[in-house]
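Undergrad: Right, I'll just put the structure down here and ask away after.
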2 protein chains.
Amino acid sequence: MAGSSKITIAIAQVNAVIGDFARNRELIRLRTTQAKEAGAQLVVFPELSLCGYPPMDLLDHRTFVEENLRNIRRLQQNLPEGIAVMVGYVDASPTAGGKALQNCVAVVSDGAILFRQAKRLLPTYDVFDEARYFEPARKSSVFTLSGIRIGVAICEDIWWETEPAPGTRYPVDPVRDLVDGGADLIVAPSASPFFTGKLATRRRLVQKIGRTNAVPAIYVNMVGANDSLIFDGHSFACDATGAIVHQSPGFVEDLALMTVEPAADHLSLSGGVLDDTDQSPEEETRQALVLGIRDYLAKTGFTRVHLGLSGGIDSAVVAVLATEAAGRENVRVFLMPSTYSSAGSVDDSRVLCENLGIDATILPITPAFEAFLETLSEVFAGREPNVAEENIQARIRGTLLMAFSNKTGSLTLTTGNKSELAVGYATMYGDMAGGLAVIGDLFKTEVYALARHINREREIIPEAILTKAPSAELRPDQQDEDSLPPYDQLDRILRHYLVESQTYTEIVAGGHEAEVVRRVLRLVGRAEYKRRQAPPVLKVSPRAFGTGRRIPIARSIYEESL
Amino acid sequence: MAGSSKITIAIAQVNAVIGDFARNRELIRLRTTQAKEAGAQLVVFPELSLCGYPPMDLLDHRTFVEENLRNIRRLQQNLPEGIAVMVGYVDASPTAGGKALQNCVAVVSDGAILFRQAKRLLPTYDVFDEARYFEPARKSSVFTLSGIRIGVAICEDIWWETEPAPGTRYPVDPVRDLVDGGADLIVAPSASPFFTGKLATRRRLVQKIGRTNAVPAIYVNMVGANDSLIFDGHSFACDATGAIVHQSPGFVEDLALMTVEPAADHLSLSGGVLDDTDQSPEEETRQALVLGIRDYLAKTGFTRVHLGLSGGIDSAVVAVLATEAAGRENVRVFLMPSTYSSAGSVDDSRVLCENLGIDATILPITPAFEAFLETLSEVFAGREPNVAEENIQARIRGTLLMAFSNKTGSLTLTTGNKSELAVGYATMYGDMAGGLAVIGDLFKTEVYALARHINREREIIPEAILTKAPSAELRPDQQDEDSLPPYDQLDRILRHYLVESQTYTEIVAGGHEAEVVRRVLRLVGRAEYKRRQAPPVLKVSPRAFGTGRRIPIARSIYEESL
């Protein structure tokens with residue numbers, strides 16, 4: 001620490017838009033100016049903050065990579081002087097072999113690039129495809145600012161000790177290398193997508209880094225949602241004893257300042273603030289989903305949303321979240337009763353709309369349903385009623401919702417939950433029709449928990465919606481649990497299988513009836529073709545349906561042979 | 001070559017089903033028995049022939065990996081003696097760090113595993129995600145059979161000198177290592193998906209390997225389709241001068257025998273046969289798509305298919321392909337005229353059905369359309385007719401086709417082409433509704449070329465269908481080229497952008513009008529949300545829509561800023 005002096009570091013928790021270089025650059029310039037005015041000598045932005053994360057196959061577009069490099073040069077010209085700026089961007093790989101690009105961080109200072117570090121551990125599992133695009137850096141180095149030696153670990157680089165996929169271990173520990181290389185301070189620019197409870201894991205990891213190596217560590221996360229992924233922010237810092245000395249809020253942009261100065265045999269970190277927002281799983285989930293809807297709208301150019309209200313719990317919860325995300329004046333719901341809909345369903349929906357202050361319109365589906373049955377009468381002649389008639393009703397609803405979207409430019413939200421998506425209890429082009437599956441990563445029991453949380457202060461969702469038996473109301477007296485195991489049991493089996501990757505044998509050993517487990521796994525396997533055509537699902541669990549789970553359709557459902 | 005003697009090698013070009021271990025094992029046993037009876041000492045199966053390719057995230061299921069290992073042990077017990085069997089399977093990685101699995105080949109002989117080689121170059125681009133699952137082997141070794149030293153290069157291992165993604169190069173050459181390690185013969189078990197003209201590339205690569213190193217090489221490819229990917233077989237062998245001495249047919253299973261024996265200073269390879277089937281791009285495409293439909297049906301348990309016939313070229317071509325794939329008795333088409341449909345459309349469709357000998361049913365969409373307009377009359381009041389009315393008609397058709405599927409268990413085929421998918425000239429849940437997008441990887445101009453090829457001997461598709469102007473017939477006198485550039489121009493721009501990865505600047509420099517290019521690229525960018533919900537597209541080009549092209553929806557269309 002010889003020769004080092006006190007510096008102020010700003011954490012710039014920002015919301016970047018993928019591919020909107022001009023906007024992201026301006027955001028970086030603005031936050032840098034604010035940080036400088038607040039006295040910072042260094043401001044840290046999240047991973048790939050210049051181009052947005054995840055850019056995915058836009059990285060195959062040379063224009064995209066070149067725009068990103070052009071904008072790094074513009075930042076060099078336009079950033080205020082007297083402050084170092086750590087920003088994530090994409091750069092060319094310096095090695096001859098391997099992938100052409102690297103996931104990089106540059107430190108821009110007074111018009112020059114003072115330092116550059118590429119990411120070493122490339123997540124390639126779940127929703128992550130970084131080995132598809134990037135060449136890993138082979139080594140980590142340290143740069144010096146006002147005498148303080150700073151090591152940069154980009155996102156996954158701090159996750160060395162975890163098991164990113166079953167049985168898999170990273171062969172190198174970038175943080176170890178940084179500390180061995182003399183780092184007094186670790187800075188971790190990240191784009192770490194949310195799932196419920198993930199902040200605690202991140203904090204444990206970084207605290208252990210601080211404690212084990214007696215270095216303070218600053219974790220700067222992206223905030224904002226892109227398609228399925230919700231980046232929760234929640235940046236934080238811990239001191240050289242591993243104590244958390246700063247916690248940024250979640251789900252909003254934030255600029256925080258901390259002071260780093262030499263102490264006895266390490267750097268001390270001070271001046272942070274501890275956000276003490278409710279961190280219950282339900283509140284985290286609620287905030288995440290609201291941000292997921294809001295950013296999907298903002299980043300795809302929509303203002304208004306609409307959905308079908310069935311009188312059930314799922315659509316009620318989505319209506320509440322949509323109202324918070326878009327504002328009541330931008331939400332419209334449609335009640336689309338069938339012959340089999342209970343009177344209670346419509347009444348309950350009306351009360352909910354009054355509570356939320358949103359417009360509701362009734363669109364009966366019977367006339368279109370009768371027209372379809374008439375058109376199909378010869379084709380259907382002599383065949384028993386089956387799922388076809390149920391699905392026609394669901395698809396009429398889907399067509400009505402999409403017609404409103406096409407007519408008015410409002411986005412259709414789907415209301416299916418993860419339990420239904422898992423077992424195929426959903427109609428393609430029917431209730432699955434829409435642009436965003438808001439609660440597609442919540443099991444039915446989690447939807448109930450979220451509904452109760454929403455009602456924690458006053459009854460927003462009418463109690464009748466929470467207590468009635470779930471039903472698709474597509475046949476007389478239909479109830480979900482006539483054809484599915486009780487949701488409590490179903491969800492536990494699904495969680496074991498889908499999220500915890502338990503095998504059939506392990507699930508049965510855990511106390512579930514073999515026949516039921518076999519049936520559930522078979523349903524999951526057979527519904528793959530439906531999920532392939534589902535809209536993006538907002539991810540709030542460690543394993544969601546969508547880009548993070550890739551299962552062939554044409555295959556043997558080998559679980560059946562168990 | 002000292003001490004080596006003549007051996008007979010069999011190429012077993014088989015069609016494995018993903019996850020159907022019992023079936024794949026029995027297929028391997030059967031072909032091994034046939035190869036032995038024909039006098040072979042070695043039989044070579046394709047990459048991952050025991051578990052099927054690509055297994056994707058089934059590799060995260062421990063049951064899947066264990067079943068695969070259990071079945072390798074069963075093969076050891078059940079295979080005939082006196083013949084070595086080279087089979088692809090998944091094994092545990094021997095290294096402590098990195099991914100837990102490897103993409104392996106084992107040589108099973110008389111109940112023992114004689115040799116094991118893991119794949120070294122893991123394709124991680126386009127449709128390939130192998131770095132997501134596998135740890136690469138660090139070295140290649142050679143095994144000896146009857147004195148002949150055989151080196152195994154698994155699929156991508158022979159593609160060292162190519163550029164798998166723009167600017168990317170593999171850092172090692174596994175074939176070089178095998179030759180340096182003393183290999184007299186290279187065997188390449190592969191699962192290489194088809195695109196038009198790919199066989200020529202594979203042959204050039206392998207011929208160069210033979211010629212450069214003076215070793216014969218045997219390339220054994222998977223045959224059969226899994227979801228979007230069509231494996232074309234087309235196994236072949238070249239001698240130590242690089243001359244092709246064997247060519248298996250494409251798109252069918254095959255068992256071929258070749259003799260390897262010591263010659264002057266290298267091994268000679270003889271006894272192969274040269275398949276001389278028509279290899280025109282159109283004929284290859286036709287056979288690929290027929291196999292793609294047939295295997296999707298067989299591997300998902302469907303027998304029958306149906307589709308909507310519009311009177312246009314796209315649905316006509318799909319009807320022809322479906323009839324060949326499923327048999328005329330298993331194909332049913334629906335004519336779903338609207339008020340705007342021309343009389344010619346229905347007549348032309350009827351002639352096509354007579355030519356194919358398939359059943360056609362007329363389902364008018366006007367009654368359902370009127371019911372929808374009536375239901376929506378208040379919602380639509382005061383708003384101009386727009387795309388909403390067109391899409392309702394398309395969605396009525398989608399609902400009718402899906403109703404037939406739900407009622408009878410027949411698979412709905414979609415008929416959209418790549419040009420339409422590219423610019424978003426397709427209706428989600430309407431003409432995009434179905435299980436498989438048969439010609440979703442053919443540009444409109446390629447659909448015409450395929451139609452002319454289909455008619456090369458006799459007029460199967462009525463000439464009127466080939467000559468009329470393309471129209472969606474959803475508005476009075478609507479023609480595609482009213483809202484799109486002429487297909488000839490559109491398709492060239494799209495090919496430059498999507499397949500050849502040219503930039504906006506390059507496409508304009510190639511002679512296209514800037515304003516048109518800008519408009520087309522913008523349309524492509526904005527239609528991403530539609531493609532995300534499209535059914536699997538049969539891939540017949542180097543870059544298809546689907547799992548091989550991953551673009552964020554919520555983003556800035558940065559091409560606009562050009």
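Just remember, in the structure tokens the first chain shown is A, the second B, etc., residues are 1-based per chain, and ligands are 1-based in the order shown.
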For chain A, list the residues within 6 Å of chain B, counting only C-alpha atoms, and write the list as a short mmCIF file (atom, residue, chain, number, x, y, z; two decimals) with all heavy atoms, in the first residue's frame.
TA:
data_model
loop_
_atom_site.label_atom_id
_atom_site.label_comp_id
_atom_site.auth_asym_id
_atom_site.auth_seq_id
_atom_site.Cartn_x
_atom_site.Cartn_y
_atom_site.Cartn_z
N VAL A 17 -29.46 -0.35 -22.91
CA VAL A 17 -30.33 -0.95 -23.93
C VAL A 17 -29.44 -1.62 -24.97
O VAL A 17 -28.50 -1.00 -25.49
CB VAL A 17 -31.22 0.12 -24.59
CG1 VAL A 17 -32.03 -0.49 -25.74
CG2 VAL A 17 -32.15 0.75 -23.56
N ILE A 18 -29.72 -2.87 -25.27
CA ILE A 18 -28.89 -3.62 -26.22
C ILE A 18 -28.89 -2.93 -27.58
O ILE A 18 -29.95 -2.65 -28.15
CB ILE A 18 -29.39 -5.08 -26.35
CG1 ILE A 18 -29.23 -5.82 -25.02
CG2 ILE A 18 -28.63 -5.81 -27.46
CD1 ILE A 18 -29.91 -7.18 -24.98
N GLY A 19 -27.70 -2.61 -28.06
CA GLY A 19 -27.56 -2.04 -29.40
C GLY A 19 -27.84 -0.55 -29.50
O GLY A 19 -27.68 0.02 -30.58
N ASP A 20 -28.25 0.07 -28.40
CA ASP A 20 -28.51 1.52 -28.47
C ASP A 20 -27.27 2.27 -27.98
O ASP A 20 -27.22 2.81 -26.87
CB ASP A 20 -29.74 1.89 -27.64
CG ASP A 20 -30.33 3.24 -28.08
OD1 ASP A 20 -29.59 4.02 -28.71
OD2 ASP A 20 -31.51 3.49 -27.78
N MET A 56 -26.05 -11.40 -27.59
CA MET A 56 -26.34 -12.63 -28.34
C MET A 56 -25.72 -12.56 -29.75
O MET A 56 -24.61 -12.09 -29.90
CB MET A 56 -27.87 -12.88 -28.35
CG MET A 56 -28.44 -13.07 -26.94
SD MET A 56 -30.25 -13.01 -26.83
CE MET A 56 -30.73 -14.48 -27.75
N ASP A 57 -26.47 -13.02 -30.76
CA ASP A 57 -25.87 -13.13 -32.10
C ASP A 57 -25.70 -11.79 -32.80
O ASP A 57 -25.20 -11.75 -33.93
CB ASP A 57 -26.70 -14.07 -32.99
CG ASP A 57 -26.43 -15.53 -32.67
OD1 ASP A 57 -25.71 -15.82 -31.69
OD2 ASP A 57 -26.93 -16.39 -33.41
N GLY A 97 -5.66 -17.73 -32.43
CA GLY A 97 -6.65 -18.80 -32.51
C GLY A 97 -7.87 -18.48 -31.68
O GLY A 97 -7.92 -17.51 -30.93
N GLY A 98 -8.89 -19.32 -31.83
CA GLY A 98 -10.09 -19.20 -31.01
C GLY A 98 -11.08 -18.17 -31.52
O GLY A 98 -11.01 -17.74 -32.67
N LYS A 99 -12.00 -17.77 -30.65
CA LYS A 99 -13.04 -16.82 -31.03
C LYS A 99 -12.42 -15.44 -31.26
O LYS A 99 -11.40 -15.09 -30.65
CB LYS A 99 -14.10 -16.74 -29.93
CG LYS A 99 -14.88 -18.05 -29.74
CD LYS A 99 -15.84 -18.30 -30.91
CE LYS A 99 -16.62 -19.58 -30.69
NZ LYS A 99 -17.51 -19.89 -31.85
N ALA A 100 -13.09 -14.66 -32.10
CA ALA A 100 -12.50 -13.39 -32.54
C ALA A 100 -12.69 -12.26 -31.53
O ALA A 100 -12.02 -11.24 -31.63
CB ALA A 100 -13.12 -12.99 -33.87
N THR A 124 -21.31 -20.73 -19.87
CA THR A 124 -21.88 -21.42 -21.03
C THR A 124 -22.76 -22.53 -20.48
O THR A 124 -22.38 -23.70 -20.42
CB THR A 124 -20.74 -21.94 -21.93
OG1 THR A 124 -19.89 -20.82 -22.27
CG2 THR A 124 -21.28 -22.54 -23.23
N TYR A 125 -23.91 -22.14 -20.01
CA TYR A 125 -24.89 -23.03 -19.39
C TYR A 125 -26.14 -22.17 -19.19
O TYR A 125 -26.08 -20.94 -19.34
CB TYR A 125 -24.39 -23.58 -18.04
CG TYR A 125 -24.01 -22.51 -17.04
CD1 TYR A 125 -24.97 -21.93 -16.19
CD2 TYR A 125 -22.71 -22.02 -16.98
CE1 TYR A 125 -24.63 -20.92 -15.30
CE2 TYR A 125 -22.37 -21.01 -16.09
CZ TYR A 125 -23.34 -20.46 -15.27
OH TYR A 125 -23.00 -19.46 -14.40
N ARG A 132 -19.82 -19.18 -27.08
CA ARG A 132 -20.24 -19.05 -28.48
C ARG A 132 -19.60 -17.84 -29.14
O ARG A 132 -19.43 -17.81 -30.36
CB ARG A 132 -21.77 -18.93 -28.51
CG ARG A 132 -22.44 -18.81 -29.86
CD ARG A 132 -23.96 -18.81 -29.65
NE ARG A 132 -24.72 -18.46 -30.82
CZ ARG A 132 -25.24 -19.33 -31.69
NH1 ARG A 132 -25.03 -20.62 -31.53
NH2 ARG A 132 -25.94 -18.93 -32.72
N GLY A 167 -21.57 -31.15 -11.88
CA GLY A 167 -20.27 -31.81 -11.97
C GLY A 167 -19.16 -30.96 -12.57
O GLY A 167 -18.02 -31.38 -12.65
N THR A 168 -19.49 -29.76 -13.02
CA THR A 168 -18.53 -28.92 -13.73
C THR A 168 -17.82 -27.97 -12.77
O THR A 168 -18.44 -27.40 -11.88
CB THR A 168 -19.29 -28.11 -14.80
OG1 THR A 168 -19.92 -29.02 -15.69
CG2 THR A 168 -18.36 -27.21 -15.58
N ARG A 169 -16.52 -27.78 -12.96
CA ARG A 169 -15.75 -26.85 -12.14
C ARG A 169 -14.90 -26.00 -13.06
O ARG A 169 -14.37 -26.49 -14.05
CB ARG A 169 -14.78 -27.63 -11.21
CG ARG A 169 -15.40 -28.69 -10.35
CD ARG A 169 -16.09 -28.14 -9.14
NE ARG A 169 -15.17 -27.32 -8.35
CZ ARG A 169 -15.47 -26.81 -7.17
NH1 ARG A 169 -16.66 -27.01 -6.64
NH2 ARG A 169 -14.61 -26.07 -6.50
N TYR A 170 -14.71 -24.74 -12.69
CA TYR A 170 -13.79 -23.91 -13.46
C TYR A 170 -12.35 -24.28 -13.11
O TYR A 170 -12.03 -24.49 -11.94
CB TYR A 170 -14.04 -22.43 -13.17
CG TYR A 170 -15.30 -21.91 -13.82
CD1 TYR A 170 -16.35 -21.45 -13.07
CD2 TYR A 170 -15.42 -21.91 -15.20
CE1 TYR A 170 -17.52 -20.97 -13.67
CE2 TYR A 170 -16.57 -21.44 -15.81
CZ TYR A 170 -17.62 -20.97 -15.05
OH TYR A 170 -18.75 -20.52 -15.65
N PRO A 171 -11.49 -24.34 -14.12
CA PRO A 171 -10.11 -24.78 -13.86
C PRO A 171 -9.22 -23.69 -13.26
O PRO A 171 -8.16 -24.00 -12.74
CB PRO A 171 -9.62 -25.21 -15.24
CG PRO A 171 -10.46 -24.47 -16.21
CD PRO A 171 -11.76 -24.16 -15.54
N ASN A 226 -34.05 -7.42 -20.19
CA ASN A 226 -33.96 -7.63 -21.63
C ASN A 226 -34.61 -8.96 -21.96
O ASN A 226 -34.08 -10.02 -21.61
CB ASN A 226 -32.50 -7.64 -22.07
CG ASN A 226 -31.85 -6.29 -21.89
OD1 ASN A 226 -32.43 -5.27 -22.24
ND2 ASN A 226 -30.68 -6.26 -21.29
N ASP A 227 -35.73 -8.94 -22.63
CA ASP A 227 -36.49 -10.15 -22.93
C ASP A 227 -36.76 -10.92 -21.63
O ASP A 227 -37.41 -10.38 -20.74
CB ASP A 227 -35.77 -11.04 -23.96
CG ASP A 227 -35.65 -10.37 -25.32
OD1 ASP A 227 -36.16 -9.25 -25.50
OD2 ASP A 227 -35.04 -10.97 -26.21
N LYS A 299 -38.32 -1.02 -24.13
CA LYS A 299 -37.26 -1.37 -25.07
C LYS A 299 -37.79 -1.94 -26.38
O LYS A 299 -37.03 -2.16 -27.32
CB LYS A 299 -36.27 -2.33 -24.41
CG LYS A 299 -35.52 -1.66 -23.24
CD LYS A 299 -34.57 -2.61 -22.51
CE LYS A 299 -33.92 -1.89 -21.32
NZ LYS A 299 -32.99 -2.75 -20.58
N THR A 300 -39.10 -2.24 -26.46
CA THR A 300 -39.68 -2.66 -27.73
C THR A 300 -40.62 -1.60 -28.28
O THR A 300 -41.23 -1.79 -29.33
CB THR A 300 -40.47 -3.99 -27.59
OG1 THR A 300 -41.47 -3.82 -26.59
CG2 THR A 300 -39.56 -5.14 -27.20
N PRO A 367 -70.48 -16.53 -29.92
CA PRO A 367 -70.80 -16.42 -31.35
C PRO A 367 -69.69 -16.98 -32.25
O PRO A 367 -69.96 -17.74 -33.18
CB PRO A 367 -70.97 -14.91 -31.56
CG PRO A 367 -71.34 -14.38 -30.20
CD PRO A 367 -70.60 -15.23 -29.22
N ALA A 368 -68.44 -16.63 -31.96
CA ALA A 368 -67.35 -17.15 -32.79
C ALA A 368 -67.23 -18.67 -32.61
O ALA A 368 -67.01 -19.41 -33.58
CB ALA A 368 -66.03 -16.47 -32.43
N ALA A 371 -69.76 -20.31 -34.71
CA ALA A 371 -69.38 -20.23 -36.13
C ALA A 371 -68.33 -21.30 -36.45
O ALA A 371 -68.41 -21.98 -37.49
CB ALA A 371 -68.85 -18.84 -36.46
N PHE A 372 -67.34 -21.47 -35.58
CA PHE A 372 -66.32 -22.50 -35.81
C PHE A 372 -66.95 -23.89 -35.83
O PHE A 372 -66.64 -24.71 -36.70
CB PHE A 372 -65.24 -22.45 -34.71
CG PHE A 372 -64.13 -21.48 -35.01
CD1 PHE A 372 -63.94 -20.34 -34.24
CD2 PHE A 372 -63.23 -21.72 -36.05
CE1 PHE A 372 -62.90 -19.46 -34.49
CE2 PHE A 372 -62.19 -20.84 -36.32
CZ PHE A 372 -62.02 -19.70 -35.54
N ALA A 388 -60.28 -30.61 -28.66
CA ALA A 388 -60.42 -29.70 -29.81
C ALA A 388 -61.39 -28.56 -29.51
O ALA A 388 -61.09 -27.39 -29.77
CB ALA A 388 -60.86 -30.47 -31.06
N ALA A 403 -56.21 -9.33 -31.92
CA ALA A 403 -56.89 -8.35 -32.77
C ALA A 403 -56.83 -6.97 -32.12
O ALA A 403 -56.58 -5.95 -32.80
CB ALA A 403 -58.35 -8.77 -33.00
N ASN A 406 -53.30 -5.74 -32.66
CA ASN A 406 -53.08 -5.29 -34.04
C ASN A 406 -53.84 -3.99 -34.34
O ASN A 406 -53.39 -3.18 -35.13
CB ASN A 406 -53.53 -6.37 -35.03
CG ASN A 406 -52.64 -7.61 -35.02
OD1 ASN A 406 -53.08 -8.71 -35.27
ND2 ASN A 406 -51.36 -7.44 -34.69
N LYS A 407 -54.97 -3.82 -33.70
CA LYS A 407 -55.78 -2.63 -33.98
C LYS A 407 -55.24 -1.39 -33.26
O LYS A 407 -55.30 -0.28 -33.79
CB LYS A 407 -57.24 -2.89 -33.58
CG LYS A 407 -58.23 -1.80 -33.93
CD LYS A 407 -58.28 -1.48 -35.42
CE LYS A 407 -59.13 -2.44 -36.22
NZ LYS A 407 -59.07 -2.13 -37.68
N TYR A 429 -51.38 -20.75 -29.19
CA TYR A 429 -52.17 -19.80 -29.98
C TYR A 429 -53.46 -19.43 -29.26
O TYR A 429 -54.28 -18.69 -29.82
CB TYR A 429 -52.48 -20.34 -31.39
CG TYR A 429 -51.38 -21.19 -31.98
CD1 TYR A 429 -51.65 -22.43 -32.57
CD2 TYR A 429 -50.06 -20.76 -31.92
CE1 TYR A 429 -50.63 -23.21 -33.09
CE2 TYR A 429 -49.04 -21.55 -32.44
CZ TYR A 429 -49.33 -22.77 -33.02
OH TYR A 429 -48.32 -23.54 -33.53
N GLN A 533 -42.81 -22.78 -28.75
CA GLN A 533 -43.48 -21.66 -29.40
C GLN A 533 -44.06 -20.66 -28.39
O GLN A 533 -44.88 -19.82 -28.74
CB GLN A 533 -44.58 -22.18 -30.34
CG GLN A 533 -44.02 -22.99 -31.50
CD GLN A 533 -45.08 -23.37 -32.53
OE1 GLN A 533 -45.91 -22.57 -32.90
NE2 GLN A 533 -45.03 -24.61 -32.99
N ALA A 534 -43.62 -20.77 -27.15
CA ALA A 534 -44.12 -19.84 -26.12
C ALA A 534 -43.42 -18.49 -26.24
O ALA A 534 -42.30 -18.40 -26.73
CB ALA A 534 -43.86 -20.43 -24.74
N ARG A 550 -32.96 -26.25 -23.13
CA ARG A 550 -33.00 -26.58 -24.56
C ARG A 550 -33.17 -28.09 -24.72
O ARG A 550 -32.22 -28.84 -24.59
CB ARG A 550 -31.71 -26.10 -25.21
CG ARG A 550 -31.46 -24.63 -24.94
CD ARG A 550 -30.10 -24.14 -25.37
NE ARG A 550 -29.90 -22.78 -24.88
CZ ARG A 550 -28.77 -22.09 -24.99
NH1 ARG A 550 -27.73 -22.64 -25.60
NH2 ARG A 550 -28.68 -20.88 -24.50
N ILE A 551 -34.38 -28.49 -25.00
CA ILE A 551 -34.70 -29.92 -25.05
C ILE A 551 -35.19 -30.26 -26.46
O ILE A 551 -36.01 -29.54 -27.02
CB ILE A 551 -35.80 -30.25 -24.01
CG1 ILE A 551 -35.36 -29.81 -22.60
CG2 ILE A 551 -36.17 -31.73 -24.05
CD1 ILE A 551 -34.30 -30.68 -21.97
N ALA A 554 -38.21 -33.94 -31.11
CA ALA A 554 -38.27 -35.26 -31.74
C ALA A 554 -37.28 -36.18 -31.03
O ALA A 554 -36.09 -36.14 -31.27
CB ALA A 554 -37.91 -35.14 -33.22
N ARG A 555 -37.81 -37.01 -30.13
CA ARG A 555 -36.94 -37.85 -29.32
C ARG A 555 -37.80 -38.85 -28.58
O ARG A 555 -39.01 -38.72 -28.52
CB ARG A 555 -36.20 -37.00 -28.30
CG ARG A 555 -37.16 -36.29 -27.34
CD ARG A 555 -36.45 -35.87 -26.08
NE ARG A 555 -37.30 -35.19 -25.15
CZ ARG A 555 -37.38 -35.54 -23.86
NH1 ARG A 555 -36.71 -36.57 -23.41
NH2 ARG A 555 -38.15 -34.87 -23.04
N SER A 556 -37.16 -39.81 -27.99
CA SER A 556 -37.87 -40.72 -27.11
C SER A 556 -37.96 -40.08 -25.73
O SER A 556 -36.99 -39.52 -25.23
CB SER A 556 -37.10 -42.03 -27.02
OG SER A 556 -37.57 -42.80 -25.94
N TYR A 558 -37.42 -40.74 -22.64
CA TYR A 558 -36.77 -41.91 -22.03
C TYR A 558 -37.22 -42.11 -20.59
O TYR A 558 -37.10 -43.19 -20.04
CB TYR A 558 -35.24 -41.80 -22.11
CG TYR A 558 -34.72 -40.61 -21.37
CD1 TYR A 558 -34.29 -40.73 -20.05
CD2 TYR A 558 -34.69 -39.36 -21.97
CE1 TYR A 558 -33.86 -39.62 -19.37
CE2 TYR A 558 -34.25 -38.26 -21.28
CZ TYR A 558 -33.84 -38.40 -19.98
OH TYR A 558 -33.42 -37.31 -19.28
#
Undergrad: Find the spatial neighbours of segment 313-322 of chain B, counting only C-alpha atoms, within a cut-off of 8 Å - ignore same-chain residues fewer than 6 positions away - and output them as a VMD selection string.
TA: chain B and resid 286 289 to 290 293 305 307 331 333 349 352 356 415 to 417 438 to 439 447 to 448 450 to 451 461 465 to 466 470
Undergrad: Would you output that residue set with C-alpha atoms, as a PDB file, in the first residue's frame?
TA:
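selection_1.pdb, written as the output of this step:
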ATOM      1  CA  ARG B 286     -36.277 -31.919 -51.923  1.00  0.00           C
ATOM      2  CA  LEU B 289     -37.165 -31.750 -46.667  1.00  0.00           C
ATOM      3  CA  VAL B 290     -38.954 -35.054 -47.276  1.00  0.00           C
ATOM      4  CA  ILE B 293     -40.952 -34.237 -42.423  1.00  0.00           C
ATOM      5  CA  VAL B 305     -50.293 -34.408 -41.634  1.00  0.00           C
ATOM      6  CA  LEU B 307     -52.101 -28.080 -44.144  1.00  0.00           C
ATOM      7  CA  VAL B 331     -52.230 -36.137 -46.127  1.00  0.00           C
ATOM      8  CA  VAL B 333     -55.498 -30.341 -47.141  1.00  0.00           C
ATOM      9  CA  SER B 349     -55.657 -26.144 -55.488  1.00  0.00           C
ATOM     10  CA  LEU B 352     -52.997 -29.998 -57.425  1.00  0.00           C
ATOM     11  CA  LEU B 356     -51.283 -35.769 -55.799  1.00  0.00           C
ATOM     12  CA  THR B 415     -46.177 -23.264 -45.291  1.00  0.00           C
ATOM     13  CA  GLY B 416     -44.365 -19.950 -44.807  1.00  0.00           C
ATOM     14  CA  ASN B 417     -41.052 -19.329 -46.557  1.00  0.00           C
ATOM     15  CA  VAL B 438     -41.300 -27.210 -43.815  1.00  0.00           C
ATOM     16  CA  ILE B 439     -39.968 -24.524 -46.186  1.00  0.00           C
ATOM     17  CA  VAL B 447     -39.422 -22.129 -53.488  1.00  0.00           C
ATOM     18  CA  TYR B 448     -40.049 -21.335 -57.163  1.00  0.00           C
ATOM     19  CA  LEU B 450     -37.981 -26.212 -56.120  1.00  0.00           C
ATOM     20  CA  ALA B 451     -41.470 -26.083 -57.659  1.00  0.00           C
ATOM     21  CA  ILE B 461     -48.049 -28.225 -59.473  1.00  0.00           C
ATOM     22  CA  ILE B 465     -49.719 -21.496 -59.406  1.00  0.00           C
ATOM     23  CA  LEU B 466     -46.190 -20.879 -60.650  1.00  0.00           C
ATOM     24  CA  PRO B 470     -47.865 -13.855 -54.982  1.00  0.00           C
TER      25      PRO B 470
END
Undergrad: Looking only at the backbone, which of the residues in segment 177-395 of chain A does DSSP tag as alpha helix (DSSP H), as a PyMOL selection string?
TA: chain A and resi 177-180+198-213+281-300+313-326+343-356+366-375+377-380+387-395
Undergrad: Any idea what the distance is between atom CA of Val540 of chain B and atom CA of Phe194 of chain B?
TA: 6.1 Å
Undergrad: Could you tell me which of A:Ala38, A:Val179, A:Leu229, A:Val520 comes closest to His496 of chain A if we count only C-alpha atoms?
TA: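 Under the stated criterion, the closest residue is A:Val520.
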Undergrad: Quick check, in Å to one decimal: how far apart do atom CA of Leu145 of chain B and atom CA of Ile11 of chain B lie?
TA: 16.1 Å
Undergrad: Please indicate the distance in Å from atom CA of Asn221 of chain A to atom CA of Glu253 of chain A, rounded to one decimal place.
TA: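 Taking atom CA of Asn221 of chain A and atom CA of Glu253 of chain A, their separation equals 10.1 Å.
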